[in-house]
Amino acid sequence: MITFMDANISLEPVAISTLSVFFDAIGQPTRLKILLAIGKGEACVCHLESRLGIRQAVISQHLMVLRDVQLVEAERSGRNIFYHLTHPEIIEPIIRLGEILGIPAEELLSLSQKPFPGCPCPQCNPSENPLLSCARKPSEPNHTHSS
Ligand SMILES: [Zn+2]
């Protein structure tokens, strides 16, 4: 016979580990920034690079972790791969949690605002040929990042 206590003990590890995997994935600063920058929309790696001021290789690494835990999904569009949140509704509780901790919502939401000045991605810079975007132009000066 399974008692209430037994049931609790047997259910807890699964429930807790599900949440723990989630918090592990979002708890890393770069991954948290990526999630907030994607927000409820979608973003390509070059947008995340330009918006967050983090090298593309590092972003790709963290996107891989986020995809592994199914927080982020990728979709190809032309030559670009756009990332979106599997559950965009997780943004609200993150913003809410920030507010509880004294962080103004606008501060966190500003990460997902587009267009971002100087970003070469097709969403921020639609006048560029969308088929060629996300390929850094040789003449383009280095980004001035402030992170
Ligand atoms: Zn952009």
# chains A, B, ... in the order shown; residues from 1 in each chain; ligands from 1
call {"tool": "residues_near_ligand", "arguments": {"ligand": "ligand 1", "cutoff": "12 Å", "atoms": "only C-alpha atoms and all ligand atoms", "output": "ChimeraX atom specification"}}
result
/A:37-38,41-53,82,111-126,128,130,133-134
call {"tool": "write_last_selection", "arguments": {"atoms": "C-alpha atoms", "output": "CSV table (one decimal), in the first residue's frame"}}
result
chain,number,residue,atom,x,y,z
A,37,ALA,CA,16.4,39.4,-26.0
A,38,ILE,CA,14.4,36.8,-28.0
A,41,GLY,CA,9.3,37.3,-30.9
A,42,GLU,CA,12.2,35.7,-32.7
A,43,ALA,CA,15.8,36.6,-33.3
A,44,CYS,CA,18.7,35.5,-35.3
A,45,VAL,CA,22.2,35.0,-34.0
A,46,CYS,CA,23.5,38.2,-35.5
A,47,HIS,CA,20.8,40.2,-33.8
A,48,LEU,CA,21.7,38.5,-30.4
A,49,GLU,CA,25.3,39.2,-31.1
A,50,SER,CA,24.7,42.9,-31.8
A,51,ARG,CA,22.1,43.4,-29.1
A,52,LEU,CA,24.0,41.7,-26.3
A,53,GLY,CA,27.5,42.5,-27.4
A,82,PHE,CA,15.6,32.5,-36.3
A,111,LEU,CA,16.3,43.7,-24.3
A,112,SER,CA,13.7,42.5,-26.7
A,113,GLN,CA,12.8,45.8,-28.3
A,114,LYS,CA,13.5,46.1,-32.0
A,115,PRO,CA,14.9,47.7,-34.0
A,116,PHE,CA,18.1,47.9,-32.1
A,117,PRO,CA,20.3,50.8,-33.5
A,118,GLY,CA,23.2,49.6,-35.6
A,119,CYS,CA,22.0,46.0,-35.7
A,120,PRO,CA,22.6,44.5,-39.1
A,121,CYS,CA,20.0,41.7,-38.8
A,122,PRO,CA,17.1,41.5,-41.2
A,123,GLN,CA,14.5,42.5,-38.6
A,124,CYS,CA,16.3,45.7,-37.5
A,125,ASN,CA,17.6,46.5,-40.9
A,126,PRO,CA,15.0,45.4,-43.4
A,128,GLU,CA,19.3,45.3,-46.4
A,130,PRO,CA,17.3,39.8,-46.5
A,133,SER,CA,21.9,39.5,-44.0
A,134,CYS,CA,23.6,38.0,-41.0
call {"tool": "select_by_dssp", "arguments": {"residues": "region 10-110 of chain A", "states": "alpha helix (DSSP H)", "output": "MDAnalysis selection string"}}
result
chainID A and resid 10:27 29:38 45:52 56:68 91:100 105:109
call {"tool": "residues_around", "arguments": {"residues": "region 18-30 of chain A", "least_positions_apart": "6", "cutoff": "10 Å", "atoms": "only C-alpha atoms", "output": "NGL selection string"}}
result
:A and (12 or 36 or 52 or 54 or 58-59 or 62-63 or 65-71 or 94)
call {"tool": "write_last_selection", "arguments": {"atoms": "C-alpha atoms", "output": "compact mmCIF listing (two decimals), in the first residue's frame"}}
result
# COMPACT_ATOMS: atom_id res chain seq x y z
CA GLU A 12 9.17 14.85 -5.66
CA LEU A 36 14.98 38.09 -22.72
CA LEU A 52 23.97 41.67 -26.31
CA ILE A 54 28.52 38.84 -27.06
CA VAL A 58 29.47 32.09 -27.37
CA ILE A 59 25.84 32.80 -28.24
CA HIS A 62 24.34 28.89 -25.12
CA LEU A 63 21.60 28.55 -27.72
CA VAL A 65 22.03 24.45 -24.22
CA LEU A 66 18.68 26.23 -24.44
CA ARG A 67 17.66 24.00 -27.34
CA ASP A 68 18.76 20.88 -25.45
CA VAL A 69 16.33 21.67 -22.65
CA GLN A 70 13.70 22.69 -25.23
CA LEU A 71 13.41 26.28 -24.08
CA ILE A 94 10.64 36.18 -15.30
call {"tool": "atom_distance", "arguments": {"atom1": "CA of Leu97 (chain A)", "atom2": "CA of Leu85 (chain A)"}}
result
18.2 Å
